[in-house]
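Have a look at query16.txt below; it lists compact mmCIF, C-alpha atoms.
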# COMPACT_ATOMS: atom_id res chain seq x y z
CA MET A 192 68.20 -115.21 157.09
CA MET A 193 65.17 -114.75 159.32
CA CYS A 194 61.55 -115.15 158.32
CA ARG A 195 58.39 -113.76 159.74
CA VAL A 196 55.21 -115.80 159.94
CA LEU A 197 52.35 -113.93 158.31
CA ILE A 198 49.93 -114.17 161.22
CA PHE A 199 46.90 -112.08 162.08
CA SER A 200 46.85 -111.61 165.84
CA THR A 201 43.27 -110.46 166.18
CA LEU A 202 39.86 -111.88 165.49
CA ILE A 203 41.02 -115.32 164.51
CA LEU A 204 37.65 -116.41 165.81
CA PHE A 205 35.83 -114.43 163.14
CA ASN A 206 36.29 -116.05 159.75
CA LEU A 207 34.58 -114.74 156.67
CA VAL A 208 32.04 -117.12 155.19
CA SER A 209 30.89 -117.77 151.66
CA ALA A 210 28.01 -115.97 149.99
CA GLN A 211 26.07 -119.23 150.27
CA LYS A 212 26.39 -119.14 154.07
CA THR A 213 25.31 -115.51 154.14
CA ASP A 214 22.23 -116.34 152.07
CA SER A 215 21.45 -119.16 154.49
CA LEU A 216 21.57 -116.78 157.46
CA LEU A 217 19.30 -114.32 155.66
CA ARG A 218 16.75 -117.10 155.18
CA VAL A 219 16.98 -117.93 158.88
CA ALA A 220 16.43 -114.26 159.77
CA ALA A 221 13.40 -114.09 157.49
CA MET A 222 11.79 -117.12 159.17
CA GLU A 223 12.70 -116.30 162.80
CA LYS A 224 9.78 -114.88 164.80
CA ASN A 225 11.56 -114.13 168.08
CA PRO A 226 12.92 -110.54 167.84
CA VAL A 227 16.04 -111.17 169.94
CA LYS A 228 16.96 -114.37 168.07
CA LYS A 229 16.33 -112.61 164.75
CA ALA A 230 18.64 -109.80 165.89
CA GLU A 231 21.35 -112.34 166.79
CA VAL A 232 21.25 -113.64 163.21
CA TYR A 233 21.66 -110.11 161.87
CA LEU A 234 24.63 -109.56 164.19
CA LYS A 235 26.25 -112.73 162.86
CA LEU A 236 25.80 -111.26 159.39
CA VAL A 237 27.59 -108.10 160.57
CA THR A 238 30.58 -110.24 161.54
CA PHE A 239 30.56 -112.01 158.18
CA THR A 240 30.18 -108.89 156.02
CA ALA A 241 31.90 -106.02 157.88
CA GLN A 242 35.22 -106.51 156.09
CA SER A 243 33.78 -107.11 152.62
CA ASP A 244 30.64 -104.95 152.42
CA SER A 245 30.34 -102.25 155.08
CA VAL A 246 27.08 -100.94 153.62
CA LYS A 247 25.35 -104.29 154.09
CA ALA A 248 26.94 -104.70 157.52
CA LEU A 249 25.56 -101.32 158.59
CA SER A 250 22.06 -102.27 157.39
CA TYR A 251 22.20 -105.48 159.45
CA LEU A 252 23.33 -103.50 162.50
CA LYS A 253 20.39 -101.12 162.13
CA LYS A 254 17.93 -104.01 161.81
CA ALA A 255 19.33 -105.67 164.93
CA GLU A 256 19.21 -102.37 166.81
CA GLU A 257 15.49 -102.05 166.09
CA LEU A 258 14.76 -105.57 167.35
CA ILE A 259 16.63 -105.78 170.68
CA PRO A 260 14.68 -104.44 173.69
CA GLN A 261 16.47 -101.76 175.69
CA ASN A 262 16.19 -103.83 178.88
CA HIS A 263 17.78 -106.94 177.34
CA LYS A 264 21.30 -106.62 178.78
CA VAL A 265 23.00 -109.43 176.86
CA GLY A 266 21.33 -108.39 173.61
CA GLN A 267 22.32 -104.74 174.04
CA ALA A 268 25.90 -105.72 174.99
CA ARG A 269 26.07 -107.99 171.94
CA LEU A 270 24.88 -105.06 169.81
CA GLN A 271 27.68 -102.88 171.18
CA ASN A 272 30.18 -105.64 170.43
CA SER A 273 29.03 -105.73 166.80
CA TRP A 274 29.16 -101.94 166.52
CA GLY A 275 32.72 -102.12 167.82
CA PHE A 276 33.63 -104.83 165.34
CA TYR A 277 32.15 -102.72 162.53
CA GLU A 278 34.05 -99.58 163.59
CA MET A 279 37.36 -101.25 164.52
CA PRO A 280 39.09 -101.33 161.09
CA LYS A 281 38.60 -97.65 160.30
CA ASN A 282 38.33 -96.17 163.79
CA PRO A 283 39.66 -98.48 166.53
CA LYS A 284 39.24 -95.76 169.17
CA LYS A 285 35.51 -95.70 168.42
CA GLY A 286 35.49 -99.50 168.28
CA LYS A 287 37.03 -99.63 171.76
CA ALA A 288 34.37 -97.24 173.10
CA HIS A 289 31.63 -99.59 171.86
CA HIS A 290 33.34 -102.65 173.34
CA LEU A 291 33.76 -100.95 176.73
CA LYS A 292 30.12 -99.84 176.57
CA GLY A 293 29.15 -103.47 176.02
CA LEU A 294 31.09 -104.47 179.14
CA GLU A 295 29.37 -101.69 181.10
CA ILE A 296 25.94 -102.90 179.97
CA LEU A 297 26.73 -106.51 180.94
CA GLY A 298 27.68 -105.45 184.44
CA ASN A 299 27.64 -108.45 186.76
CA GLU A 300 25.50 -110.70 184.57
CA ASN A 301 26.86 -114.19 185.23
CA SER A 302 25.08 -116.52 182.83
CA ALA A 303 27.24 -118.69 180.54
CA GLU A 304 26.07 -116.56 177.59
CA ALA A 305 27.08 -113.34 179.37
CA GLN A 306 30.49 -114.75 180.36
CA ASN A 307 31.25 -115.86 176.80
CA LEU A 308 30.30 -112.38 175.58
CA ARG A 309 32.42 -110.73 178.29
CA ALA A 310 35.43 -112.76 177.15
CA MET A 311 34.75 -111.76 173.54
CA LEU A 312 34.41 -108.06 174.44
CA TRP A 313 37.72 -107.98 176.33
CA THR A 314 39.38 -109.87 173.47
CA ASN A 315 38.17 -107.19 171.09
CA VAL A 316 39.42 -104.40 173.38
CA VAL A 317 42.88 -106.00 173.00
CA ALA A 318 42.39 -105.91 169.23
CA ASP A 319 41.38 -102.23 169.40
CA GLU A 320 44.54 -101.38 171.34
CA GLN A 321 46.69 -103.27 168.84
CA ARG A 322 45.13 -101.42 165.91
CA MET A 323 45.88 -98.13 167.69
CA GLY A 324 49.51 -99.22 168.06
CA ASN A 325 49.30 -99.50 171.85
CA ALA A 326 51.20 -102.77 172.29
CA HIS A 327 51.91 -102.32 176.00
CA GLU A 328 48.30 -101.38 176.78
CA ALA A 329 47.14 -104.35 174.69
CA ILE A 330 49.22 -106.81 176.73
CA LYS A 331 48.06 -105.15 179.97
CA VAL A 332 44.41 -105.62 178.99
CA MET A 333 45.20 -109.14 177.83
CA MET A 334 46.78 -110.21 181.13
CA ASN A 335 44.42 -108.36 183.48
CA HIS A 336 41.11 -108.94 181.70
CA ALA A 337 40.96 -110.92 178.44
CA ILE A 338 42.78 -114.08 179.60
CA PRO A 339 41.18 -114.20 183.10
CA GLU A 340 37.68 -113.71 181.65
CA SER A 341 38.37 -116.26 178.90
CA LYS A 342 39.31 -118.82 181.56
CA LYS A 343 35.84 -118.39 183.07
CA ALA A 344 34.05 -118.73 179.72
CA ALA A 345 32.46 -122.00 178.64
CA ASP A 346 33.91 -121.53 175.15
CA LYS A 347 37.67 -122.02 175.52
CA SER A 348 38.28 -120.83 171.94
CA PHE A 349 38.66 -117.33 173.35
CA LEU A 350 41.38 -118.54 175.70
CA ALA A 351 43.37 -120.31 172.96
CA ASN A 352 43.06 -117.26 170.73
CA ASN A 353 44.16 -114.92 173.51
CA TYR A 354 47.20 -117.04 174.32
CA LEU A 355 48.16 -116.87 170.64
CA THR A 356 47.64 -113.11 170.54
CA ALA A 357 49.78 -112.71 173.67
CA ALA A 358 52.53 -114.77 172.02
CA ILE A 359 52.51 -112.47 168.99
CA ILE A 360 52.57 -109.30 171.12
CA PHE A 361 55.49 -110.62 173.18
CA TYR A 362 57.28 -111.71 169.98
CA ASN A 363 56.94 -108.23 168.49
CA ASP A 364 58.28 -106.82 171.77
CA GLU A 365 61.34 -109.13 171.49
CA ASN A 366 60.35 -111.03 174.66
CA LEU A 367 60.98 -114.45 173.15
CA ASP A 368 60.75 -116.49 176.35
CA LYS A 369 57.25 -115.16 177.08
CA ALA A 370 56.31 -115.48 173.42
CA VAL A 371 57.14 -119.19 173.24
CA GLN A 372 55.46 -119.81 176.60
CA TYR A 373 52.14 -118.38 175.36
CA ALA A 374 52.42 -120.01 171.94
CA GLU A 375 52.70 -123.38 173.70
CA HIS A 376 49.71 -122.48 175.91
CA ALA A 377 47.73 -121.72 172.74
CA ILE A 378 48.64 -125.07 171.16
CA ASN A 379 47.69 -127.04 174.27
CA THR A 380 44.41 -125.19 174.83
CA ALA A 381 43.35 -125.42 171.19
CA ASN A 382 44.14 -129.13 171.09
CA GLN A 383 41.78 -129.65 174.04
CA LYS A 384 38.95 -128.37 171.85
CA GLY A 385 39.11 -131.43 169.62
CA ASN A 386 38.94 -131.43 165.84
CA SER A 387 36.87 -128.32 165.17
CA ALA A 388 38.12 -126.26 162.23
CA GLN A 389 38.48 -123.22 164.48
CA ALA A 390 40.57 -125.07 167.07
CA LYS A 391 42.79 -126.60 164.37
CA SER A 392 43.38 -123.19 162.82
CA VAL A 393 44.48 -121.68 166.14
CA ALA A 394 46.65 -124.72 166.99
CA GLU A 395 48.38 -124.74 163.60
CA THR A 396 48.96 -120.99 163.63
CA ALA A 397 50.45 -121.30 167.11
CA GLN A 398 52.67 -124.17 165.97
CA LEU A 399 54.06 -122.02 163.17
CA MET A 400 54.53 -119.16 165.62
CA SER A 401 56.29 -121.44 168.10
CA ALA A 402 58.63 -122.77 165.39
CA GLU A 403 59.55 -119.26 164.32
CA ILE A 404 60.27 -118.20 167.90
CA PHE A 405 62.54 -121.22 168.42
CA LEU A 406 64.32 -120.33 165.18
CA LYS A 407 64.89 -116.79 166.37
CA LYS A 408 66.17 -118.14 169.70
CA GLU A 409 68.52 -120.40 167.67
CA ASP A 410 66.95 -123.41 169.38
CA TYR A 411 67.04 -125.56 166.25
CA PRO A 412 66.06 -128.92 167.84
CA ASN A 413 62.80 -127.48 169.20
CA ALA A 414 62.14 -125.61 165.97
CA LYS A 415 62.54 -128.88 164.06
CA ARG A 416 60.28 -130.69 166.56
CA ARG A 417 57.48 -128.18 165.99
CA LEU A 418 57.87 -128.19 162.20
CA ASP A 419 57.91 -132.00 162.09
CA LEU A 420 54.69 -132.11 164.13
CA MET A 421 53.17 -129.54 161.80
CA GLN A 422 54.18 -131.60 158.77
CA LYS A 423 52.37 -134.64 160.19
CA SER A 424 49.19 -132.80 161.15
CA LEU A 425 48.65 -130.86 157.94
CA SER A 426 46.65 -132.31 155.08
CA GLU A 427 46.05 -130.94 151.62
CA LYS A 428 42.57 -129.87 152.72
CA ASN A 429 44.02 -127.34 155.16
CA ASN A 430 44.67 -123.70 154.41
CA PRO A 431 47.35 -123.61 151.67
CA ASP A 432 48.92 -120.59 153.40
CA PHE A 433 49.93 -122.91 156.23
CA HIS A 434 51.70 -125.19 153.74
CA ILE A 435 53.53 -122.24 152.20
CA GLU A 436 54.63 -120.93 155.59
CA LEU A 437 55.65 -124.42 156.73
CA LEU A 438 57.91 -124.81 153.68
CA HIS A 439 59.29 -121.31 154.27
CA LEU A 440 60.19 -122.07 157.89
CA GLN A 441 61.65 -125.45 156.96
CA SER A 442 63.92 -123.61 154.51
CA CYS A 443 64.88 -121.15 157.25
CA LEU A 444 65.70 -124.02 159.59
CA LEU A 445 67.85 -125.74 156.96
CA TYR A 446 69.71 -122.52 156.15
CA THR A 447 70.27 -121.30 159.71
CA SER A 448 71.18 -124.67 161.22
CA ASP A 449 73.64 -125.37 158.37
CA ALA A 450 75.18 -121.92 158.86
CA ALA A 451 75.51 -122.57 162.60
CA ASP A 452 77.19 -125.93 161.90
CA GLU A 453 79.68 -124.23 159.55
CA GLU A 454 80.54 -121.63 162.23
CA ASP A 455 81.08 -124.38 164.81
CA SER A 456 83.44 -126.23 162.46
CA VAL A 457 85.65 -123.19 161.84
Could you write out this file's structure as structure tokens?
Amino acid sequence: MMCRVLIFSTLILFNLVSAQKTDSLLRVAAMEKNPVKKAEVYLKLVTFTAQSDSVKALSYLKKAEELIPQNHKVGQARLQNSWGFYEMPKNPKKGKAHHLKGLEILGNENSAEAQNLRAMLWTNVVADEQRMGNAHEAIKVMMNHAIPESKKAADKSFLANNYLTAAIIFYNDENLDKAVQYAEHAINTANQKGNSAQAKSVAETAQLMSAEIFLKKEDYPNAKRRLDLMQKSLSEKNNPDFHIELLHLQSCLLYTSDAADEEDSV
């Protein structure tokens, strides 16, 4: 019996927020006088609504587009990133074109803001390739661009997320040694971020991923080590899906390790 962890490999950084949070951002946008800062709020709203209400997301994109000056490189690149995020689910090829356009606009801009955005854009190009079913191109972009640019970014969340995504791609390609290597990188990098909800989510997802890889490798002691650590770190306030998957993998460990013991005793 083998079990798959139900993990999303892309856009872990972009979590949907409640209607209350959306309303709060709309109030901020209404009060903001600076056009570029107002546009940034609208682009956040695109991220929060693109999956649930594409009509609203499109209206926020149009408002941001009207506000950002053509000569504002970071603003225009951020706009392209949001267009790509909006297009990605239904047309990842078009989404990729927007993300690459954003990178072209950024050029050699080297501010911390530009570098964070560059890391995000390359991360989303990986997501575009995955959605198009191009696993080998996705890992190529990941290794040559997304991870190196994420290492330069001030926000290391991109790096932890990219390590996790690489682990999942390698896992799906049956390269279990590489998969566990990058899952462990994700855990270590996310843990360096402290106790933020985002970092904990990446770390816990990577722990589940690592445990599953060890199970598939029939490395039961390491699988148990990861699951025991997960058991200690989880609280009832965490995502219940993590609890469900933890119990599922613990059942897999019990079943497979018992079966292995029975074979050894024959």
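Between atom CA of A:Ala374 and atom CA of A:Leu438 there is a distance of 19.7 Å.
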* Expressed in Å to a single decimal, how great is the separation between atom CA of A:Ala388 and atom CA of A:Arg269? ->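 Pair atom CA of A:Ala388 / atom CA of A:Arg269 returns 23.9 Å.
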* Pick from A:Tyr354, A:Phe433, A:Phe349, A:Tyr233: nearest to A:Ile259, with only C-alpha atoms counted? -> A:Tyr233
Excluding same-chain residues fewer than 6 positions from stretch 419-421 of chain A, what lies within 12 Å of it counting all atoms listed in the file, as an mmCIF file with C-alpha atoms, in the coordinates of the input?
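Dumped everything to around11.cif:
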data_model
loop_
_atom_site.group_PDB
_atom_site.id
_atom_site.type_symbol
_atom_site.label_atom_id
_atom_site.label_comp_id
_atom_site.auth_asym_id
_atom_site.auth_seq_id
_atom_site.Cartn_x
_atom_site.Cartn_y
_atom_site.Cartn_z
ATOM 1 C CA ILE A 378 48.640 -125.070 171.160
ATOM 2 C CA LYS A 391 42.790 -126.600 164.370
ATOM 3 C CA SER A 392 43.380 -123.190 162.820
ATOM 4 C CA ALA A 394 46.650 -124.720 166.990
ATOM 5 C CA GLU A 395 48.380 -124.740 163.600
ATOM 6 C CA THR A 396 48.960 -120.990 163.630
ATOM 7 C CA ALA A 397 50.450 -121.300 167.110
ATOM 8 C CA GLN A 398 52.670 -124.170 165.970
ATOM 9 C CA LEU A 399 54.060 -122.020 163.170
ATOM 10 C CA MET A 400 54.530 -119.160 165.620
ATOM 11 C CA SER A 401 56.290 -121.440 168.100
ATOM 12 C CA ALA A 402 58.630 -122.770 165.390
ATOM 13 C CA TYR A 411 67.040 -125.560 166.250
ATOM 14 C CA PRO A 412 66.060 -128.920 167.840
ATOM 15 C CA ASN A 413 62.800 -127.480 169.200
ATOM 16 C CA ASN A 429 44.020 -127.340 155.160
ATOM 17 C CA PHE A 433 49.930 -122.910 156.230
ATOM 18 C CA HIS A 434 51.700 -125.190 153.740
ATOM 19 C CA GLU A 436 54.630 -120.930 155.590
ATOM 20 C CA LEU A 437 55.650 -124.420 156.730
ATOM 21 C CA LEU A 438 57.910 -124.810 153.680
ATOM 22 C CA LEU A 440 60.190 -122.070 157.890
ATOM 23 C CA GLN A 441 61.650 -125.450 156.960
ATOM 24 C CA LEU A 444 65.700 -124.020 159.590
#
* Contacts of A:Val371 at 10 Å (all atoms listed in the file; same-chain gap of 2+ positions) as an MDAnalysis selection string -> chainID A and resid 355 357:359 361:362 366:369 373:377 397:398 400:405 408
Kindly export the residues of the current selection with C-alpha atoms, as an mmCIF file, in the frame of the given file.
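Written output follows (selection_26.cif):
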data_model
loop_
_atom_site.group_PDB
_atom_site.id
_atom_site.type_symbol
_atom_site.label_atom_id
_atom_site.label_comp_id
_atom_site.auth_asym_id
_atom_site.auth_seq_id
_atom_site.Cartn_x
_atom_site.Cartn_y
_atom_site.Cartn_z
ATOM 1 C CA LEU A 355 48.160 -116.870 170.640
ATOM 2 C CA ALA A 357 49.780 -112.710 173.670
ATOM 3 C CA ALA A 358 52.530 -114.770 172.020
ATOM 4 C CA ILE A 359 52.510 -112.470 168.990
ATOM 5 C CA PHE A 361 55.490 -110.620 173.180
ATOM 6 C CA TYR A 362 57.280 -111.710 169.980
ATOM 7 C CA ASN A 366 60.350 -111.030 174.660
ATOM 8 C CA LEU A 367 60.980 -114.450 173.150
ATOM 9 C CA ASP A 368 60.750 -116.490 176.350
ATOM 10 C CA LYS A 369 57.250 -115.160 177.080
ATOM 11 C CA TYR A 373 52.140 -118.380 175.360
ATOM 12 C CA ALA A 374 52.420 -120.010 171.940
ATOM 13 C CA GLU A 375 52.700 -123.380 173.700
ATOM 14 C CA HIS A 376 49.710 -122.480 175.910
ATOM 15 C CA ALA A 377 47.730 -121.720 172.740
ATOM 16 C CA ALA A 397 50.450 -121.300 167.110
ATOM 17 C CA GLN A 398 52.670 -124.170 165.970
ATOM 18 C CA MET A 400 54.530 -119.160 165.620
ATOM 19 C CA SER A 401 56.290 -121.440 168.100
ATOM 20 C CA ALA A 402 58.630 -122.770 165.390
ATOM 21 C CA GLU A 403 59.550 -119.260 164.320
ATOM 22 C CA ILE A 404 60.270 -118.200 167.900
ATOM 23 C CA PHE A 405 62.540 -121.220 168.420
ATOM 24 C CA LYS A 408 66.170 -118.140 169.700
#
* In Å, rounded to a single decimal, give me how far atom CA of A:Lys235 is from atom CA of A:Glu278. =>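 Atom CA of A:Lys235 lies 15.3 Å from atom CA of A:Glu278.
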* Asked: Out of A:Leu425, A:Ala220, A:Ala305, A:Ala318, which residue has the shortest atom-to-atom distance to A:Ala345 when counting only C-alpha atoms?
  ->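 Closest to A:Ala345 of all the choices is A:Ala305.
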* Excluding A:Gln242 and residues on its chain fewer than 2 positions from it, collect all residues at most 10 Å away from it, counting all atoms listed in the file, and give them as a PyMOL selection string. => chain A and resi 207+237-240+244-245+248+276-277+280
* Residues near A:Lys343, cut-off 10 Å, all atoms listed in the file, skip fewer than 3 positions along chain, as a count of residues only -> 11
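Close contacts of stretch 282-289 of chain A, defined as residues with an atom at most 6 Å away when counting only C-alpha atoms, with chain neighbours fewer than 2 positions off set aside, comprise A:Gln271, A:Gly275, A:Glu278, A:Met279, A:Pro280, A:Leu291, A:Lys292, A:Val316, A:Asp319.
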Could you dump the residues just selected with C-alpha atoms as a compact mmCIF listing (two decimals), in the coordinates of the input?
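And here is the file that came out, again11.txt:
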# COMPACT_ATOMS: atom_id res chain seq x y z
CA GLN A 271 27.68 -102.88 171.18
CA GLY A 275 32.72 -102.12 167.82
CA GLU A 278 34.05 -99.58 163.59
CA MET A 279 37.36 -101.25 164.52
CA PRO A 280 39.09 -101.33 161.09
CA LEU A 291 33.76 -100.95 176.73
CA LYS A 292 30.12 -99.84 176.57
CA VAL A 316 39.42 -104.40 173.38
CA ASP A 319 41.38 -102.23 169.40
* **Counting all atoms listed in the file, the residue of A:Thr447, A:Ser424, A:Asn335, A:Asn315 that sits nearest A:Asp410** => A:Thr447
